[in-house]
Amino acid sequence: MSSSRGRKKSSVYQKLQQLRSLTKSTAVNKTSIIVDASRYIGELKDKVDKLSQETGTTSQVSTSQNPLPMVSVETLEKGFLINVLLEKNCPGLLVSVLETFEQLGLDVLEARVTCEDSFRLEAIGGENQGNAEGIDAQMVKQAILQAIRKWDENSQQD
């Protein structure tokens, strides 16, 4: 029992160190690392909003009724951890995202989906018998964002 607890503690520690590294945090305790990460995410969101305004994509992708989707993709040993969040109910979006997984050669190994007031997907996508070789997290993220844009365009036409 204590060895599994030790492995879990070690895993949490490693993930916190990765988070600390990604966010360029100098904090040493868990709470401070998470607070720094939260600030970093806020800064990134502000940068995205600013870039969206500069490029004029806000009129197509983001209105007050249709905020930008939040998509994160983390590389795992054999596959990806994918998180998608939109602040509105999105009928049909799950099908579009799953079709994208299929096109990328990813099998859904595990997933949690909420589609009531907002759309939230947390999925682990594994390589489909080696067909997903050469795909990185950024490619997966871009493909999912493209699927969301296509879904959004189609849903606005209906």
# chains A, B, ... in the order shown; residues from 1 in each chain; ligands from 1
$ select_by_dssp --residues "segment 12-106 of chain A" --states "strand (DSSP E)" --output "NGL selection string"
:A and (70-76 or 79-86 or 106)
$ residues_around --residues "Arg39 of chain A" --least-positions-apart "6" --cutoff "10 Å" --atoms "only C-alpha atoms" --output "number ranges by chain"
A: 23, 33, 45
$ closest_residue --among "A:Ser118, A:Thr100, A:Gln53, A:Gln156" --to "Leu85 of chain A" --atoms "only C-alpha atoms"
A:Ser118
$ closest_residue --among "A:Ile124, A:Ile144, A:Ala111, A:Ala27" --to "Leu76 of chain A" --atoms "only C-alpha atoms"
A:Ile124
$ closest_residue --among "A:Gln146, A:Gln157, A:Ser21, A:Asn29" --to "Ser96 of chain A" --atoms "only C-alpha atoms"
A:Gln146
$ residues_around --residues "Gln142 of chain A" --least-positions-apart "3" --cutoff "12 Å" --atoms "only C-alpha atoms" --output "PyMOL selection string"
chain A and resi 69-73+82+97+100-101+104+135-139+145-149
$ write_last_selection --atoms "all heavy atoms" --output "short mmCIF file (atom, residue, chain, number, x, y, z; two decimals), in the first residue's frame"
data_model
loop_
_atom_site.label_atom_id
_atom_site.label_comp_id
_atom_site.auth_asym_id
_atom_site.auth_seq_id
_atom_site.Cartn_x
_atom_site.Cartn_y
_atom_site.Cartn_z
N PRO A 69 -13.14 28.52 -27.74
CA PRO A 69 -13.02 27.22 -27.08
C PRO A 69 -11.65 27.12 -26.40
O PRO A 69 -10.67 27.69 -26.87
CB PRO A 69 -13.12 26.23 -28.24
CG PRO A 69 -12.67 27.00 -29.43
CD PRO A 69 -13.08 28.43 -29.19
N MET A 70 -11.62 26.39 -25.30
CA MET A 70 -10.34 26.11 -24.65
C MET A 70 -9.99 24.67 -24.99
O MET A 70 -10.75 23.76 -24.69
CB MET A 70 -10.46 26.30 -23.14
CG MET A 70 -10.70 27.76 -22.75
SD MET A 70 -10.68 28.03 -20.99
CE MET A 70 -9.02 27.58 -20.59
N VAL A 71 -8.86 24.48 -25.64
CA VAL A 71 -8.40 23.15 -26.04
C VAL A 71 -6.98 22.98 -25.54
O VAL A 71 -6.13 23.82 -25.78
CB VAL A 71 -8.44 22.98 -27.58
CG1 VAL A 71 -7.90 21.62 -27.97
CG2 VAL A 71 -9.84 23.17 -28.12
N SER A 72 -6.76 21.89 -24.80
CA SER A 72 -5.39 21.57 -24.39
C SER A 72 -5.11 20.11 -24.74
O SER A 72 -5.99 19.27 -24.64
CB SER A 72 -5.19 21.82 -22.90
OG SER A 72 -5.93 20.90 -22.13
N VAL A 73 -3.90 19.86 -25.18
CA VAL A 73 -3.48 18.51 -25.55
C VAL A 73 -2.13 18.26 -24.90
O VAL A 73 -1.20 19.03 -25.07
CB VAL A 73 -3.37 18.34 -27.08
CG1 VAL A 73 -2.94 16.94 -27.43
CG2 VAL A 73 -4.70 18.68 -27.76
N ILE A 82 -6.58 14.90 -23.97
CA ILE A 82 -7.20 15.99 -24.69
C ILE A 82 -8.33 16.57 -23.85
O ILE A 82 -9.19 15.83 -23.37
CB ILE A 82 -7.76 15.50 -26.05
CG1 ILE A 82 -6.60 14.95 -26.88
CG2 ILE A 82 -8.49 16.62 -26.78
CD1 ILE A 82 -6.89 13.67 -27.58
N VAL A 97 -15.66 16.10 -33.09
CA VAL A 97 -14.38 15.85 -32.43
C VAL A 97 -13.98 14.39 -32.58
O VAL A 97 -12.83 14.07 -32.88
CB VAL A 97 -14.43 16.27 -30.94
CG1 VAL A 97 -13.20 15.82 -30.20
CG2 VAL A 97 -14.60 17.78 -30.82
N THR A 100 -12.66 13.69 -35.93
CA THR A 100 -11.28 14.19 -36.03
C THR A 100 -10.31 13.18 -35.44
O THR A 100 -9.25 12.92 -36.02
CB THR A 100 -11.16 15.55 -35.31
OG1 THR A 100 -12.04 16.47 -35.96
CG2 THR A 100 -9.74 16.07 -35.36
N PHE A 101 -10.67 12.59 -34.28
CA PHE A 101 -9.82 11.56 -33.69
C PHE A 101 -9.61 10.44 -34.71
O PHE A 101 -8.50 9.96 -34.90
CB PHE A 101 -10.48 10.95 -32.45
CG PHE A 101 -10.40 11.79 -31.20
CD1 PHE A 101 -10.01 13.11 -31.22
CD2 PHE A 101 -10.73 11.23 -29.98
CE1 PHE A 101 -9.94 13.87 -30.07
CE2 PHE A 101 -10.66 11.97 -28.83
CZ PHE A 101 -10.26 13.29 -28.86
N LEU A 104 -7.25 11.32 -37.44
CA LEU A 104 -5.86 11.37 -36.97
C LEU A 104 -5.30 9.98 -36.65
O LEU A 104 -4.12 9.83 -36.37
CB LEU A 104 -5.76 12.24 -35.71
CG LEU A 104 -6.00 13.74 -35.91
CD1 LEU A 104 -6.10 14.44 -34.57
CD2 LEU A 104 -4.91 14.35 -36.76
N ILE A 135 2.43 12.15 -35.27
CA ILE A 135 1.49 13.19 -34.84
C ILE A 135 1.96 13.71 -33.49
O ILE A 135 2.30 12.93 -32.60
CB ILE A 135 0.06 12.62 -34.72
CG1 ILE A 135 -0.45 12.21 -36.09
CG2 ILE A 135 -0.87 13.64 -34.09
CD1 ILE A 135 -1.82 11.59 -36.05
N ASP A 136 1.98 15.04 -33.34
CA ASP A 136 2.34 15.60 -32.04
C ASP A 136 1.14 16.33 -31.45
O ASP A 136 0.09 16.47 -32.09
CB ASP A 136 3.57 16.50 -32.14
CG ASP A 136 3.35 17.74 -33.00
OD1 ASP A 136 2.19 18.10 -33.28
OD2 ASP A 136 4.34 18.37 -33.37
N ALA A 137 1.29 16.78 -30.22
CA ALA A 137 0.18 17.41 -29.49
C ALA A 137 -0.34 18.64 -30.22
O ALA A 137 -1.56 18.88 -30.28
CB ALA A 137 0.63 17.78 -28.08
N GLN A 138 0.55 19.43 -30.82
CA GLN A 138 0.12 20.64 -31.53
C GLN A 138 -0.75 20.29 -32.74
O GLN A 138 -1.73 20.97 -33.02
CB GLN A 138 1.34 21.46 -31.95
CG GLN A 138 1.00 22.82 -32.52
CD GLN A 138 0.29 23.73 -31.54
OE1 GLN A 138 0.50 23.66 -30.34
NE2 GLN A 138 -0.58 24.57 -32.04
N MET A 139 -0.40 19.22 -33.45
CA MET A 139 -1.21 18.79 -34.60
C MET A 139 -2.60 18.37 -34.14
O MET A 139 -3.60 18.69 -34.79
CB MET A 139 -0.52 17.63 -35.33
CG MET A 139 0.77 18.04 -36.02
SD MET A 139 1.71 16.61 -36.60
CE MET A 139 0.75 16.12 -38.01
N LEU A 145 -9.31 22.19 -33.05
CA LEU A 145 -9.78 23.56 -33.25
C LEU A 145 -10.43 23.73 -34.61
O LEU A 145 -11.45 24.40 -34.75
CB LEU A 145 -8.62 24.55 -33.07
CG LEU A 145 -8.16 24.76 -31.62
CD1 LEU A 145 -6.84 25.52 -31.59
CD2 LEU A 145 -9.23 25.49 -30.82
N GLN A 146 -9.86 23.10 -35.64
CA GLN A 146 -10.43 23.15 -36.98
C GLN A 146 -11.81 22.48 -36.99
O GLN A 146 -12.75 23.00 -37.61
CB GLN A 146 -9.50 22.47 -37.99
CG GLN A 146 -10.00 22.50 -39.42
CD GLN A 146 -10.06 23.90 -40.00
OE1 GLN A 146 -9.30 24.78 -39.63
NE2 GLN A 146 -10.97 24.12 -40.91
N ALA A 147 -11.94 21.35 -36.30
CA ALA A 147 -13.24 20.67 -36.23
C ALA A 147 -14.27 21.55 -35.53
O ALA A 147 -15.44 21.60 -35.95
CB ALA A 147 -13.10 19.34 -35.48
N ILE A 148 -13.85 22.26 -34.49
CA ILE A 148 -14.77 23.16 -33.78
C ILE A 148 -15.19 24.31 -34.70
O ILE A 148 -16.37 24.67 -34.75
CB ILE A 148 -14.12 23.70 -32.48
CG1 ILE A 148 -13.94 22.55 -31.49
CG2 ILE A 148 -14.95 24.82 -31.87
CD1 ILE A 148 -13.07 22.89 -30.28
N ARG A 149 -14.24 24.87 -35.45
CA ARG A 149 -14.59 25.96 -36.38
C ARG A 149 -15.58 25.48 -37.43
O ARG A 149 -16.56 26.16 -37.73
CB ARG A 149 -13.33 26.51 -37.05
CG ARG A 149 -12.57 27.49 -36.18
CD ARG A 149 -11.51 28.26 -36.98
NE ARG A 149 -10.39 27.42 -37.36
CZ ARG A 149 -9.34 27.16 -36.59
NH1 ARG A 149 -9.27 27.68 -35.39
NH2 ARG A 149 -8.36 26.40 -37.01
#
$ residues_around --residues "Tyr40 of chain A" --least-positions-apart "2" --cutoff "12 Å" --atoms "only C-alpha atoms" --output "PyMOL selection string"
chain A and resi 19-25+33-38+42-47
$ write_last_selection --atoms "N, CA, C and O atoms" --output "tab-separated table (two decimals), in the first residue's frame"
chain	number	residue	atom	x	y	z
A	19	LEU	N	4.53	21.33	-14.55
A	19	LEU	CA	3.70	22.53	-14.55
A	19	LEU	C	4.56	23.75	-14.20
A	19	LEU	O	4.45	24.80	-14.84
A	20	ARG	N	5.40	23.59	-13.20
A	20	ARG	CA	6.29	24.66	-12.77
A	20	ARG	C	7.21	25.08	-13.92
A	20	ARG	O	7.40	26.27	-14.18
A	21	SER	N	7.74	24.11	-14.62
A	21	SER	CA	8.64	24.38	-15.74
A	21	SER	C	7.90	25.06	-16.89
A	21	SER	O	8.38	26.04	-17.46
A	22	LEU	N	6.73	24.55	-17.25
A	22	LEU	CA	5.96	25.11	-18.36
A	22	LEU	C	5.55	26.55	-18.11
A	22	LEU	O	5.50	27.36	-19.04
A	23	THR	N	5.24	26.87	-16.86
A	23	THR	CA	4.76	28.21	-16.54
A	23	THR	C	5.89	29.14	-16.09
A	23	THR	O	5.63	30.27	-15.70
A	24	LYS	N	7.12	28.64	-16.12
A	24	LYS	CA	8.30	29.41	-15.71
A	24	LYS	C	8.15	29.95	-14.29
A	24	LYS	O	8.55	31.07	-13.97
A	25	SER	N	7.55	29.13	-13.44
A	25	SER	CA	7.34	29.48	-12.04
A	25	SER	C	8.61	29.23	-11.23
A	25	SER	O	9.34	28.28	-11.48
A	33	ILE	N	2.74	27.04	-6.95
A	33	ILE	CA	2.89	26.58	-8.33
A	33	ILE	C	1.56	26.66	-9.06
A	33	ILE	O	1.47	27.15	-10.19
A	34	ILE	N	0.50	26.22	-8.40
A	34	ILE	CA	-0.84	26.24	-9.02
A	34	ILE	C	-1.32	27.67	-9.23
A	34	ILE	O	-1.89	28.00	-10.28
A	35	VAL	N	-1.06	28.55	-8.26
A	35	VAL	CA	-1.43	29.96	-8.41
A	35	VAL	C	-0.66	30.58	-9.59
A	35	VAL	O	-1.25	31.28	-10.42
A	36	ASP	N	0.64	30.29	-9.69
A	36	ASP	CA	1.43	30.80	-10.81
A	36	ASP	C	0.90	30.27	-12.14
A	36	ASP	O	0.82	31.00	-13.13
A	37	ALA	N	0.54	29.00	-12.17
A	37	ALA	CA	-0.01	28.41	-13.40
A	37	ALA	C	-1.32	29.08	-13.77
A	37	ALA	O	-1.58	29.35	-14.95
A	38	SER	N	-2.13	29.36	-12.78
A	38	SER	CA	-3.41	30.03	-13.02
A	38	SER	C	-3.19	31.42	-13.62
A	38	SER	O	-3.86	31.82	-14.59
A	42	GLY	N	-4.13	32.83	-17.42
A	42	GLY	CA	-4.80	34.12	-17.64
A	42	GLY	C	-4.04	34.99	-18.62
A	42	GLY	O	-4.64	35.61	-19.51
A	43	GLU	N	-2.70	35.03	-18.47
A	43	GLU	CA	-1.87	35.80	-19.40
A	43	GLU	C	-1.99	35.26	-20.81
A	43	GLU	O	-2.09	36.02	-21.78
A	44	LEU	N	-1.96	33.93	-20.95
A	44	LEU	CA	-2.10	33.32	-22.28
A	44	LEU	C	-3.46	33.65	-22.90
A	44	LEU	O	-3.55	33.96	-24.08
A	45	LYS	N	-4.50	33.60	-22.08
A	45	LYS	CA	-5.84	33.92	-22.57
A	45	LYS	C	-5.89	35.37	-23.05
A	45	LYS	O	-6.44	35.66	-24.11
A	46	ASP	N	-5.27	36.28	-22.30
A	46	ASP	CA	-5.22	37.69	-22.71
A	46	ASP	C	-4.48	37.84	-24.04
A	46	ASP	O	-4.90	38.59	-24.92
A	47	LYS	N	-3.37	37.09	-24.20
A	47	LYS	CA	-2.61	37.15	-25.45
A	47	LYS	C	-3.45	36.64	-26.62
A	47	LYS	O	-3.44	37.22	-27.70
$ select_by_dssp --residues "segment 24-104 of chain A" --states "alpha helix (DSSP H)" --output "short mmCIF file (atom, residue, chain, number, x, y, z; two decimals) with N, CA and C atoms, in the first residue's frame"
data_model
loop_
_atom_site.label_atom_id
_atom_site.label_comp_id
_atom_site.auth_asym_id
_atom_site.auth_seq_id
_atom_site.Cartn_x
_atom_site.Cartn_y
_atom_site.Cartn_z
N LYS A 30 3.25 23.50 -3.60
CA LYS A 30 2.16 23.15 -4.51
C LYS A 30 1.23 24.32 -4.78
N THR A 31 0.76 24.96 -3.72
CA THR A 31 -0.23 26.02 -3.87
C THR A 31 0.33 27.16 -4.72
N SER A 32 1.55 27.55 -4.47
CA SER A 32 2.15 28.65 -5.23
C SER A 32 2.36 28.28 -6.70
N ILE A 33 2.74 27.04 -6.95
CA ILE A 33 2.89 26.58 -8.33
C ILE A 33 1.56 26.66 -9.06
N ILE A 34 0.50 26.22 -8.40
CA ILE A 34 -0.84 26.24 -9.02
C ILE A 34 -1.32 27.67 -9.23
N VAL A 35 -1.06 28.55 -8.26
CA VAL A 35 -1.43 29.96 -8.41
C VAL A 35 -0.66 30.58 -9.59
N ASP A 36 0.64 30.29 -9.69
CA ASP A 36 1.43 30.80 -10.81
C ASP A 36 0.90 30.27 -12.14
N ALA A 37 0.54 29.00 -12.17
CA ALA A 37 -0.01 28.41 -13.40
C ALA A 37 -1.32 29.08 -13.77
N SER A 38 -2.13 29.36 -12.78
CA SER A 38 -3.41 30.03 -13.02
C SER A 38 -3.19 31.42 -13.62
N ARG A 39 -2.23 32.14 -13.07
CA ARG A 39 -1.89 33.47 -13.62
C ARG A 39 -1.38 33.35 -15.05
N TYR A 40 -0.53 32.35 -15.27
CA TYR A 40 0.04 32.12 -16.60
C TYR A 40 -1.06 31.84 -17.62
N ILE A 41 -2.04 31.03 -17.23
CA ILE A 41 -3.16 30.72 -18.12
C ILE A 41 -3.93 32.00 -18.43
N GLY A 42 -4.13 32.83 -17.42
CA GLY A 42 -4.80 34.12 -17.64
C GLY A 42 -4.04 34.99 -18.62
N GLU A 43 -2.70 35.03 -18.47
CA GLU A 43 -1.87 35.80 -19.40
C GLU A 43 -1.99 35.26 -20.81
N LEU A 44 -1.96 33.93 -20.95
CA LEU A 44 -2.10 33.32 -22.28
C LEU A 44 -3.46 33.65 -22.90
N LYS A 45 -4.50 33.60 -22.08
CA LYS A 45 -5.84 33.92 -22.57
C LYS A 45 -5.89 35.37 -23.05
N ASP A 46 -5.27 36.28 -22.30
CA ASP A 46 -5.22 37.69 -22.71
C ASP A 46 -4.48 37.84 -24.04
N LYS A 47 -3.37 37.09 -24.20
CA LYS A 47 -2.61 37.15 -25.45
C LYS A 47 -3.45 36.64 -26.62
N VAL A 48 -4.18 35.54 -26.39
CA VAL A 48 -5.04 34.98 -27.44
C VAL A 48 -6.11 35.99 -27.82
N ASP A 49 -6.73 36.60 -26.82
CA ASP A 49 -7.77 37.60 -27.09
C ASP A 49 -7.20 38.76 -27.90
N LYS A 50 -6.01 39.23 -27.49
CA LYS A 50 -5.37 40.35 -28.19
C LYS A 50 -5.05 39.97 -29.63
N LEU A 51 -4.45 38.78 -29.83
CA LEU A 51 -4.13 38.33 -31.18
C LEU A 51 -5.38 38.15 -32.03
N SER A 52 -6.43 37.64 -31.41
CA SER A 52 -7.69 37.45 -32.13
C SER A 52 -8.24 38.79 -32.60
N GLN A 53 -8.14 39.79 -31.75
CA GLN A 53 -8.61 41.13 -32.12
C GLN A 53 -7.76 41.71 -33.25
N GLU A 54 -6.45 41.51 -33.15
CA GLU A 54 -5.53 42.04 -34.16
C GLU A 54 -5.75 41.38 -35.52
N THR A 55 -6.05 40.09 -35.52
CA THR A 55 -6.21 39.38 -36.79
C THR A 55 -7.65 39.42 -37.28
N THR A 58 -12.01 37.53 -34.19
CA THR A 58 -13.01 37.53 -33.12
C THR A 58 -14.42 37.57 -33.68
N SER A 59 -14.62 38.22 -34.81
CA SER A 59 -15.96 38.29 -35.36
C SER A 59 -16.45 36.93 -35.84
N GLN A 60 -15.54 36.08 -36.30
CA GLN A 60 -15.94 34.75 -36.75
C GLN A 60 -15.98 33.74 -35.61
N VAL A 61 -14.97 33.74 -34.77
CA VAL A 61 -14.84 32.68 -33.79
C VAL A 61 -15.40 33.06 -32.43
N LEU A 93 -21.24 18.64 -31.59
CA LEU A 93 -19.79 18.87 -31.55
C LEU A 93 -19.02 17.62 -31.20
N LEU A 94 -19.56 16.80 -30.30
CA LEU A 94 -18.87 15.57 -29.91
C LEU A 94 -18.61 14.69 -31.13
N VAL A 95 -19.58 14.59 -32.01
CA VAL A 95 -19.42 13.78 -33.23
C VAL A 95 -18.28 14.35 -34.07
N SER A 96 -18.22 15.67 -34.22
CA SER A 96 -17.15 16.29 -35.01
C SER A 96 -15.78 16.01 -34.42
N VAL A 97 -15.66 16.10 -33.09
CA VAL A 97 -14.38 15.85 -32.43
C VAL A 97 -13.98 14.39 -32.58
N LEU A 98 -14.94 13.48 -32.42
CA LEU A 98 -14.63 12.05 -32.55
C LEU A 98 -14.24 11.70 -33.99
N GLU A 99 -14.85 12.35 -34.97
CA GLU A 99 -14.46 12.13 -36.36
C GLU A 99 -13.02 12.60 -36.59
N THR A 100 -12.66 13.69 -35.93
CA THR A 100 -11.28 14.19 -36.03
C THR A 100 -10.31 13.18 -35.44
N PHE A 101 -10.67 12.59 -34.28
CA PHE A 101 -9.82 11.56 -33.69
C PHE A 101 -9.61 10.44 -34.71
N GLU A 102 -10.68 10.03 -35.34
CA GLU A 102 -10.60 8.93 -36.31
C GLU A 102 -9.69 9.31 -37.48
N GLN A 103 -9.84 10.53 -37.99
CA GLN A 103 -9.00 10.98 -39.10
C GLN A 103 -7.52 11.02 -38.72
N LEU A 104 -7.25 11.32 -37.44
CA LEU A 104 -5.86 11.37 -36.97
C LEU A 104 -5.30 9.98 -36.65
#
